[in-house]
file input_37.cif (mmCIF, C-alpha atoms)
data_query
loop_
_atom_site.group_PDB
_atom_site.id
_atom_site.type_symbol
_atom_site.label_atom_id
_atom_site.label_comp_id
_atom_site.auth_asym_id
_atom_site.auth_seq_id
_atom_site.Cartn_x
_atom_site.Cartn_y
_atom_site.Cartn_z
ATOM 1 C CA MET U 130 -78.306 3.014 106.836
ATOM 2 C CA GLY U 131 -79.543 6.410 105.626
ATOM 3 C CA LYS U 132 -81.509 6.938 108.857
ATOM 4 C CA TRP U 133 -78.388 6.328 110.969
ATOM 5 C CA SER U 134 -76.273 8.757 108.946
ATOM 6 C CA ILE U 135 -78.936 11.473 109.337
ATOM 7 C CA GLN U 136 -79.067 10.892 113.114
ATOM 8 C CA LEU U 137 -75.269 10.876 113.329
ATOM 9 C CA THR U 138 -75.106 14.115 111.331
ATOM 10 C CA LEU U 139 -77.716 15.732 113.610
ATOM 11 C CA CYS U 140 -75.903 14.575 116.754
ATOM 12 C CA SER U 141 -72.578 15.842 115.383
ATOM 13 C CA SER U 142 -74.142 19.198 114.537
ATOM 14 C CA ILE U 143 -75.597 19.551 118.037
ATOM 15 C CA VAL U 144 -72.246 18.668 119.665
ATOM 16 C CA LEU U 145 -70.405 21.155 117.442
ATOM 17 C CA LEU U 146 -73.010 23.819 118.211
ATOM 18 C CA LEU U 147 -72.683 23.235 121.960
ATOM 19 C CA LEU U 148 -68.888 23.323 121.772
ATOM 20 C CA GLY U 149 -69.050 26.535 119.764
ATOM 21 C CA LEU U 150 -71.418 28.181 122.245
ATOM 22 C CA SER U 151 -69.179 27.341 125.169
ATOM 23 C CA SER U 152 -66.125 28.924 123.542
ATOM 24 C CA VAL U 153 -67.591 31.967 121.786
ATOM 25 C CA HIS U 154 -69.970 34.612 123.054
ATOM 26 C CA CYS U 155 -73.347 34.281 121.328
ATOM 27 C CA ILE U 156 -73.191 37.067 118.766
ATOM 28 C CA ASP U 157 -74.387 36.316 115.275
ATOM 29 C CA GLN U 158 -71.624 37.165 112.829
ATOM 30 C CA ASP U 159 -73.224 36.074 109.586
ATOM 31 C CA PRO U 160 -73.738 38.886 107.006
ATOM 32 C CA ILE U 161 -77.524 39.103 107.454
ATOM 33 C CA SER U 162 -77.247 39.364 111.257
ATOM 34 C CA VAL U 163 -74.557 42.044 110.976
ATOM 35 C CA GLU U 164 -76.712 43.977 108.498
ATOM 36 C CA ASP U 165 -79.708 43.734 110.856
ATOM 37 C CA TRP U 166 -77.488 44.948 113.703
ATOM 38 C CA PHE U 167 -76.488 48.012 111.649
ATOM 39 C CA LYS U 168 -80.132 48.736 110.795
ATOM 40 C CA GLY U 169 -80.942 48.778 114.518
ATOM 41 C CA MET U 170 -78.068 51.118 115.481
ATOM 42 C CA SER U 171 -80.322 54.186 115.557
ATOM 43 C CA THR U 172 -82.198 52.703 118.528
ATOM 44 C CA MET U 173 -79.094 51.492 120.380
ATOM 45 C CA LYS U 174 -77.556 53.372 123.256
ATOM 46 C CA GLU U 175 -73.828 53.977 123.124
ATOM 47 C CA LYS U 176 -71.975 52.633 126.170
ATOM 48 C CA VAL U 177 -68.491 52.955 127.628
ATOM 49 C CA THR U 178 -66.525 49.918 128.788
ATOM 50 C CA LYS U 179 -63.343 49.999 130.855
ATOM 51 C CA LEU U 180 -60.921 47.064 130.625
ATOM 52 C CA HIS U 181 -57.794 46.295 132.628
ATOM 53 C CA PHE U 182 -55.366 43.491 131.753
ATOM 54 C CA TYR U 183 -51.705 42.579 131.421
ATOM 55 C CA PHE U 184 -49.880 41.840 128.164
ATOM 56 C CA HIS U 185 -47.061 39.238 128.429
ATOM 57 C CA ASP U 186 -44.531 39.715 125.604
ATOM 58 C CA ILE U 187 -42.078 36.801 125.754
ATOM 59 C CA VAL U 188 -39.189 36.945 123.255
ATOM 60 C CA SER U 189 -36.807 34.516 124.989
ATOM 61 C CA GLY U 190 -36.730 30.810 125.748
ATOM 62 C CA THR U 191 -38.006 27.829 123.811
ATOM 63 C CA SER U 192 -41.623 29.051 123.523
ATOM 64 C CA PRO U 193 -41.551 32.761 122.668
ATOM 65 C CA THR U 194 -44.877 34.506 122.076
ATOM 66 C CA ALA U 195 -43.244 37.264 120.027
ATOM 67 C CA MET U 196 -40.516 36.890 117.439
ATOM 68 C CA ARG U 197 -38.684 39.065 114.973
ATOM 69 C CA VAL U 198 -39.802 38.293 111.430
ATOM 70 C CA ALA U 199 -37.845 41.011 109.584
ATOM 71 C CA GLN U 200 -34.796 43.181 110.150
ATOM 72 C CA PRO U 201 -32.655 45.513 108.067
ATOM 73 C CA THR U 202 -29.671 43.823 106.447
ATOM 74 C CA THR U 203 -27.466 46.831 105.702
ATOM 75 C CA TYR U 204 -28.400 49.272 108.457
ATOM 76 C CA THR U 205 -28.343 49.087 112.232
ATOM 77 C CA SER U 206 -29.453 51.653 114.784
ATOM 78 C CA LEU U 207 -29.592 51.916 118.559
ATOM 79 C CA THR U 208 -33.400 51.958 118.356
ATOM 80 C CA GLY U 209 -33.640 48.789 116.253
ATOM 81 C CA PHE U 210 -35.210 50.826 113.453
ATOM 82 C CA GLY U 211 -36.694 48.503 110.850
ATOM 83 C CA ASN U 212 -37.131 45.439 113.066
ATOM 84 C CA VAL U 213 -40.588 43.848 112.748
ATOM 85 C CA VAL U 214 -42.006 41.525 115.411
ATOM 86 C CA MET U 215 -45.039 39.241 115.103
ATOM 87 C CA ALA U 216 -46.811 38.570 118.402
ATOM 88 C CA ASP U 217 -49.391 36.212 119.841
ATOM 89 C CA ASP U 218 -49.084 37.309 123.463
ATOM 90 C CA VAL U 219 -51.197 36.187 126.400
ATOM 91 C CA LEU U 220 -53.473 38.725 128.121
ATOM 92 C CA THR U 221 -54.086 38.023 131.810
ATOM 93 C CA SER U 222 -56.104 39.490 134.667
ATOM 94 C CA GLY U 223 -52.980 40.067 136.762
ATOM 95 C CA PRO U 224 -49.250 40.587 136.176
ATOM 96 C CA GLU U 225 -48.268 37.064 137.230
ATOM 97 C CA PRO U 226 -47.753 34.556 134.381
ATOM 98 C CA ASP U 227 -50.221 32.130 136.001
ATOM 99 C CA SER U 228 -53.021 34.733 136.297
ATOM 100 C CA THR U 229 -56.347 34.016 134.616
ATOM 101 C CA ILE U 230 -56.000 34.247 130.834
ATOM 102 C CA VAL U 231 -58.554 36.715 129.439
ATOM 103 C CA GLY U 232 -57.382 36.706 125.821
ATOM 104 C CA ARG U 233 -54.497 37.205 123.450
ATOM 105 C CA ALA U 234 -52.781 40.161 121.766
ATOM 106 C CA GLN U 235 -52.211 39.144 118.161
ATOM 107 C CA GLY U 236 -50.477 41.376 115.656
ATOM 108 C CA ILE U 237 -47.315 43.214 114.728
ATOM 109 C CA TYR U 238 -45.081 45.805 116.301
ATOM 110 C CA ALA U 239 -42.224 47.401 114.441
ATOM 111 C CA SER U 240 -39.484 49.826 115.375
ATOM 112 C CA ALA U 241 -40.492 52.898 113.393
ATOM 113 C CA SER U 242 -38.276 55.599 114.913
ATOM 114 C CA MET U 243 -34.605 56.384 114.347
ATOM 115 C CA GLU U 244 -34.451 58.787 117.302
ATOM 116 C CA ASP U 245 -36.099 56.872 120.163
ATOM 117 C CA LEU U 246 -37.611 53.484 120.914
ATOM 118 C CA GLY U 247 -40.941 54.049 119.183
ATOM 119 C CA PHE U 248 -43.007 51.152 117.853
ATOM 120 C CA LEU U 249 -45.792 51.106 115.325
ATOM 121 C CA MET U 250 -48.373 48.842 117.015
ATOM 122 C CA THR U 251 -50.987 47.000 114.969
ATOM 123 C CA MET U 252 -52.594 44.668 117.464
ATOM 124 C CA ASN U 253 -55.873 42.823 117.992
ATOM 125 C CA PHE U 254 -56.911 42.127 121.566
ATOM 126 C CA VAL U 255 -58.896 38.897 121.183
ATOM 127 C CA PHE U 256 -60.901 38.108 124.331
ATOM 128 C CA SER U 257 -61.621 34.540 125.453
ATOM 129 C CA ASP U 258 -63.164 35.006 128.885
ATOM 130 C CA GLY U 259 -66.312 36.394 130.476
ATOM 131 C CA ASP U 260 -68.772 38.768 128.807
ATOM 132 C CA PHE U 261 -66.288 39.645 126.045
ATOM 133 C CA ASN U 262 -65.528 36.055 124.996
ATOM 134 C CA GLY U 263 -65.270 35.919 121.189
ATOM 135 C CA SER U 264 -65.008 39.706 120.818
ATOM 136 C CA SER U 265 -61.975 41.770 119.880
ATOM 137 C CA LEU U 266 -60.575 45.298 119.903
ATOM 138 C CA SER U 267 -58.152 46.678 117.295
ATOM 139 C CA LEU U 268 -55.307 48.955 118.354
ATOM 140 C CA LEU U 269 -53.311 50.979 115.840
ATOM 141 C CA GLY U 270 -50.836 53.613 116.943
ATOM 142 C CA ARG U 271 -47.419 54.715 118.146
ATOM 143 C CA ASN U 272 -45.940 53.163 121.275
ATOM 144 C CA PRO U 273 -42.995 55.173 122.649
ATOM 145 C CA ALA U 274 -41.853 52.206 124.749
ATOM 146 C CA LEU U 275 -39.571 54.072 127.147
ATOM 147 C CA HIS U 276 -42.248 56.559 128.267
ATOM 148 C CA GLU U 277 -43.898 55.753 131.580
ATOM 149 C CA TYR U 278 -47.396 55.926 130.055
ATOM 150 C CA ARG U 279 -48.197 55.372 126.381
ATOM 151 C CA GLU U 280 -51.547 56.273 124.842
ATOM 152 C CA MET U 281 -52.670 54.447 121.707
ATOM 153 C CA PRO U 282 -55.979 54.611 119.835
ATOM 154 C CA ILE U 283 -58.515 51.814 119.675
ATOM 155 C CA VAL U 284 -59.812 52.050 116.106
ATOM 156 C CA GLY U 285 -62.436 49.319 115.984
ATOM 157 C CA GLY U 286 -63.733 46.066 117.305
ATOM 158 C CA SER U 287 -65.901 43.038 116.736
ATOM 159 C CA GLY U 288 -68.552 41.108 118.645
ATOM 160 C CA VAL U 289 -69.774 43.123 121.623
ATOM 161 C CA PHE U 290 -67.238 45.795 120.615
ATOM 162 C CA ARG U 291 -68.656 46.532 117.151
ATOM 163 C CA MET U 292 -67.964 50.128 116.131
ATOM 164 C CA ALA U 293 -65.615 50.574 119.109
ATOM 165 C CA ARG U 294 -63.378 53.580 119.452
ATOM 166 C CA GLY U 295 -61.302 54.632 122.390
ATOM 167 C CA ILE U 296 -57.912 54.793 124.053
ATOM 168 C CA ALA U 297 -55.522 52.182 125.411
ATOM 169 C CA THR U 298 -53.027 53.353 128.002
ATOM 170 C CA ALA U 299 -49.984 51.137 128.491
ATOM 171 C CA LYS U 300 -47.417 51.118 131.294
ATOM 172 C CA THR U 301 -44.509 48.684 131.545
ATOM 173 C CA TYR U 302 -44.969 46.566 134.672
ATOM 174 C CA SER U 303 -41.739 44.577 134.328
ATOM 175 C CA PHE U 304 -38.919 44.073 131.844
ATOM 176 C CA ASN U 305 -35.895 41.756 131.926
ATOM 177 C CA LEU U 306 -32.499 41.758 130.199
ATOM 178 C CA LEU U 307 -33.679 39.060 127.764
ATOM 179 C CA GLY U 308 -36.298 41.471 126.401
ATOM 180 C CA ASP U 309 -39.373 39.846 127.996
ATOM 181 C CA ALA U 310 -41.932 42.375 129.201
ATOM 182 C CA VAL U 311 -45.200 42.526 131.095
ATOM 183 C CA VAL U 312 -47.245 45.590 130.188
ATOM 184 C CA GLU U 313 -50.287 46.841 132.083
ATOM 185 C CA TYR U 314 -53.146 48.049 129.868
ATOM 186 C CA ASN U 315 -56.103 50.230 130.803
ATOM 187 C CA VAL U 316 -58.572 50.511 127.931
ATOM 188 C CA MET U 317 -61.600 52.797 127.643
ATOM 189 C CA VAL U 318 -63.870 52.170 124.669
ATOM 190 C CA SER U 319 -67.144 53.563 123.470
ATOM 191 C CA HIS U 320 -69.312 51.069 121.564
ATOM 192 C CA TYR U 321 -72.919 50.046 120.903
#

call {"tool": "encode", "arguments": {"input": "input_37.cif", "output": "structure tokens"}}
result
Amino acid sequence: MGKWSIQLTLCSSIVLLLLGLSSVHCIDQDPISVEDWFKGMSTMKEKVTKLHFYFHDIVSGTSPTAMRVAQPTTYTSLTGFGNVVMADDVLTSGPEPDSTIVGRAQGIYASASMEDLGFLMTMNFVFSDGDFNGSSLSLLGRNPALHEYREMPIVGGSGVFRMARGIATAKTYSFNLLGDAVVEYNVMVSHY
């Protein structure tokens, strides 16, 4: 019986390993591997990567990907000042909802301006496709939503984007009266 349980454990481990490799880019994330990566930084060449994708922010319907989690109780403003939204939005290769999914935008945006529609964006772009599968970029900045182009800083990353820094430029592709939006993102990041 002991022999069978060892074989079953080994088989289960191999299956789990194979499933993990198919869904996550092969980058060691254990503390020793990360430390070794840092030790080798002096020999690494910095590179620039350009990304282009669409962010689908759906606030309406029965399956919203973004929802308000906080709002002021005694104060209202035309800009929605104080409203906080949690998002888990789909990132796609094209503007159509059925385009190839390349990842998700997971985080918070909050109305942080009393004078215009300006959001504080704290968002992780978590990639699930191609060379960047299992890697992420972190965006933190101001999004003046009614401007044609909005520039926000990329302040970090993980996986192939370790030590990333750069700029995300956003432009609204479409917006409906329910509040759903598709936003085009062009991202330039420097990383090792």

call {"tool": "residues_near_point", "arguments": {"input": "input_37.cif", "point": "(-46.6, 37.5, 125.7)", "cutoff": "12 Å", "atoms": "all atoms listed in the file", "output": "ChimeraX atom specification"}}
result
/U:183-190,192-196,214-221,224-226,230,232-236,304,308-313

call {"tool": "write_last_selection", "arguments": {"input": "input_37.cif", "atoms": "C-alpha atoms", "output": "PDB file, in the coordinates of the input"}}
result
ATOM      1  CA  TYR U 183     -51.705  42.579 131.421  1.00  0.00           C
ATOM      2  CA  PHE U 184     -49.880  41.840 128.164  1.00  0.00           C
ATOM      3  CA  HIS U 185     -47.061  39.238 128.429  1.00  0.00           C
ATOM      4  CA  ASP U 186     -44.531  39.715 125.604  1.00  0.00           C
ATOM      5  CA  ILE U 187     -42.078  36.801 125.754  1.00  0.00           C
ATOM      6  CA  VAL U 188     -39.189  36.945 123.255  1.00  0.00           C
ATOM      7  CA  SER U 189     -36.807  34.516 124.989  1.00  0.00           C
ATOM      8  CA  GLY U 190     -36.730  30.810 125.748  1.00  0.00           C
ATOM      9  CA  SER U 192     -41.623  29.051 123.523  1.00  0.00           C
ATOM     10  CA  PRO U 193     -41.551  32.761 122.668  1.00  0.00           C
ATOM     11  CA  THR U 194     -44.877  34.506 122.076  1.00  0.00           C
ATOM     12  CA  ALA U 195     -43.244  37.264 120.027  1.00  0.00           C
ATOM     13  CA  MET U 196     -40.516  36.890 117.439  1.00  0.00           C
ATOM     14  CA  VAL U 214     -42.006  41.525 115.411  1.00  0.00           C
ATOM     15  CA  MET U 215     -45.039  39.241 115.103  1.00  0.00           C
ATOM     16  CA  ALA U 216     -46.811  38.570 118.402  1.00  0.00           C
ATOM     17  CA  ASP U 217     -49.391  36.212 119.841  1.00  0.00           C
ATOM     18  CA  ASP U 218     -49.084  37.309 123.463  1.00  0.00           C
ATOM     19  CA  VAL U 219     -51.197  36.187 126.400  1.00  0.00           C
ATOM     20  CA  LEU U 220     -53.473  38.725 128.121  1.00  0.00           C
ATOM     21  CA  THR U 221     -54.086  38.023 131.810  1.00  0.00           C
ATOM     22  CA  PRO U 224     -49.250  40.587 136.176  1.00  0.00           C
ATOM     23  CA  GLU U 225     -48.268  37.064 137.230  1.00  0.00           C
ATOM     24  CA  PRO U 226     -47.753  34.556 134.381  1.00  0.00           C
ATOM     25  CA  ILE U 230     -56.000  34.247 130.834  1.00  0.00           C
ATOM     26  CA  GLY U 232     -57.382  36.706 125.821  1.00  0.00           C
ATOM     27  CA  ARG U 233     -54.497  37.205 123.450  1.00  0.00           C
ATOM     28  CA  ALA U 234     -52.781  40.161 121.766  1.00  0.00           C
ATOM     29  CA  GLN U 235     -52.211  39.144 118.161  1.00  0.00           C
ATOM     30  CA  GLY U 236     -50.477  41.376 115.656  1.00  0.00           C
ATOM     31  CA  PHE U 304     -38.919  44.073 131.844  1.00  0.00           C
ATOM     32  CA  GLY U 308     -36.298  41.471 126.401  1.00  0.00           C
ATOM     33  CA  ASP U 309     -39.373  39.846 127.996  1.00  0.00           C
ATOM     34  CA  ALA U 310     -41.932  42.375 129.201  1.00  0.00           C
ATOM     35  CA  VAL U 311     -45.200  42.526 131.095  1.00  0.00           C
ATOM     36  CA  VAL U 312     -47.245  45.590 130.188  1.00  0.00           C
ATOM     37  CA  GLU U 313     -50.287  46.841 132.083  1.00  0.00           C
TER      38      GLU U 313
END

call {"tool": "atom_distance", "arguments": {"input": "input_37.cif", "atom1": "CA of Ser240 in chain U", "atom2": "CA of Ala274 in chain U"}}
result
10.0 Å

call {"tool": "closest_residue", "arguments": {"input": "input_37.cif", "among": "U:Val231, U:Lys300, U:Pro201, U:Tyr278", "to": "Asp258 in chain U", "atoms": "all atoms listed in the file"}}
result
U:Val231

call {"tool": "closest_residue", "arguments": {"input": "input_37.cif", "among": "U:Ser171, U:Thr229, U:Asp157, U:Ala239", "to": "Val198 in chain U", "atoms": "only C-alpha atoms"}}
result
U:Ala239

call {"tool": "atom_distance", "arguments": {"input": "input_37.cif", "atom1": "CA of Ala299 in chain U", "atom2": "CA of Gly285 in chain U"}}
result
17.7 Å

call {"tool": "residues_around", "arguments": {"input": "input_37.cif", "residues": "Glu244 in chain U", "least_positions_apart": "5", "cutoff": "10 Å", "atoms": "only C-alpha atoms", "output": "list in words"}}
result
Ser206, Leu207, Thr208 and Phe210 of chain U

call {"tool": "residues_around", "arguments": {"input": "input_37.cif", "residues": "Ala293 in chain U", "least_positions_apart": "6", "cutoff": "8 Å", "atoms": "only C-alpha atoms", "output": "list in words"}}
result
Leu266, Ile283, Val284, Gly285, Gly286, Ser287, Val318, Ser319, His320 and Tyr321 of chain U

call {"tool": "closest_residue", "arguments": {"input": "input_37.cif", "among": "U:Met243, U:Ser222, U:Ser257, U:Asn272", "to": "Thr205 in chain U", "atoms": "all atoms listed in the file"}}
result
U:Met243

call {"tool": "residues_around", "arguments": {"input": "input_37.cif", "residues": "Asp159 in chain U", "least_positions_apart": "6", "cutoff": "12 Å", "atoms": "all atoms listed in the file", "output": "PyMOL selection string"}}
result
chain U and resi 165-166+288

call {"tool": "build_atoms", "arguments": {"input": "input_37.cif", "residues": "range 213-226 of chain U", "atoms": "N, CA and C atoms", "output": "short mmCIF file (atom, residue, chain, number, x, y, z; two decimals), in the frame of the given file"}}
result
data_model
loop_
_atom_site.label_atom_id
_atom_site.label_comp_id
_atom_site.auth_asym_id
_atom_site.auth_seq_id
_atom_site.Cartn_x
_atom_site.Cartn_y
_atom_site.Cartn_z
N VAL U 213 -39.15 44.15 112.73
CA VAL U 213 -40.59 43.85 112.75
C VAL U 213 -40.79 42.58 113.56
N VAL U 214 -41.72 42.65 114.51
CA VAL U 214 -42.01 41.52 115.41
C VAL U 214 -43.46 41.11 115.26
N MET U 215 -43.69 39.81 115.12
CA MET U 215 -45.04 39.24 115.10
C MET U 215 -45.31 38.69 116.50
N ALA U 216 -46.50 38.98 117.03
CA ALA U 216 -46.81 38.57 118.40
C ALA U 216 -48.13 37.83 118.50
N ASP U 217 -48.17 36.90 119.41
CA ASP U 217 -49.39 36.21 119.84
C ASP U 217 -49.25 36.08 121.36
N ASP U 218 -49.36 37.21 122.04
CA ASP U 218 -49.08 37.31 123.46
C ASP U 218 -50.33 37.05 124.30
N VAL U 219 -50.11 36.47 125.47
CA VAL U 219 -51.20 36.19 126.40
C VAL U 219 -51.60 37.48 127.11
N LEU U 220 -52.92 37.65 127.29
CA LEU U 220 -53.47 38.72 128.12
C LEU U 220 -54.01 38.08 129.39
N THR U 221 -53.65 38.61 130.55
CA THR U 221 -54.09 38.02 131.81
C THR U 221 -54.73 39.08 132.71
N SER U 222 -55.44 38.59 133.73
CA SER U 222 -56.10 39.49 134.67
C SER U 222 -55.13 40.14 135.64
N GLY U 223 -54.00 39.52 135.87
CA GLY U 223 -52.98 40.07 136.76
C GLY U 223 -51.61 39.99 136.13
N PRO U 224 -50.59 40.56 136.78
CA PRO U 224 -49.25 40.59 136.18
C PRO U 224 -48.51 39.25 136.24
N GLU U 225 -48.94 38.35 137.10
CA GLU U 225 -48.27 37.06 137.23
C GLU U 225 -48.55 36.19 136.01
N PRO U 226 -47.57 35.41 135.57
CA PRO U 226 -47.75 34.56 134.38
C PRO U 226 -48.87 33.53 134.54
#
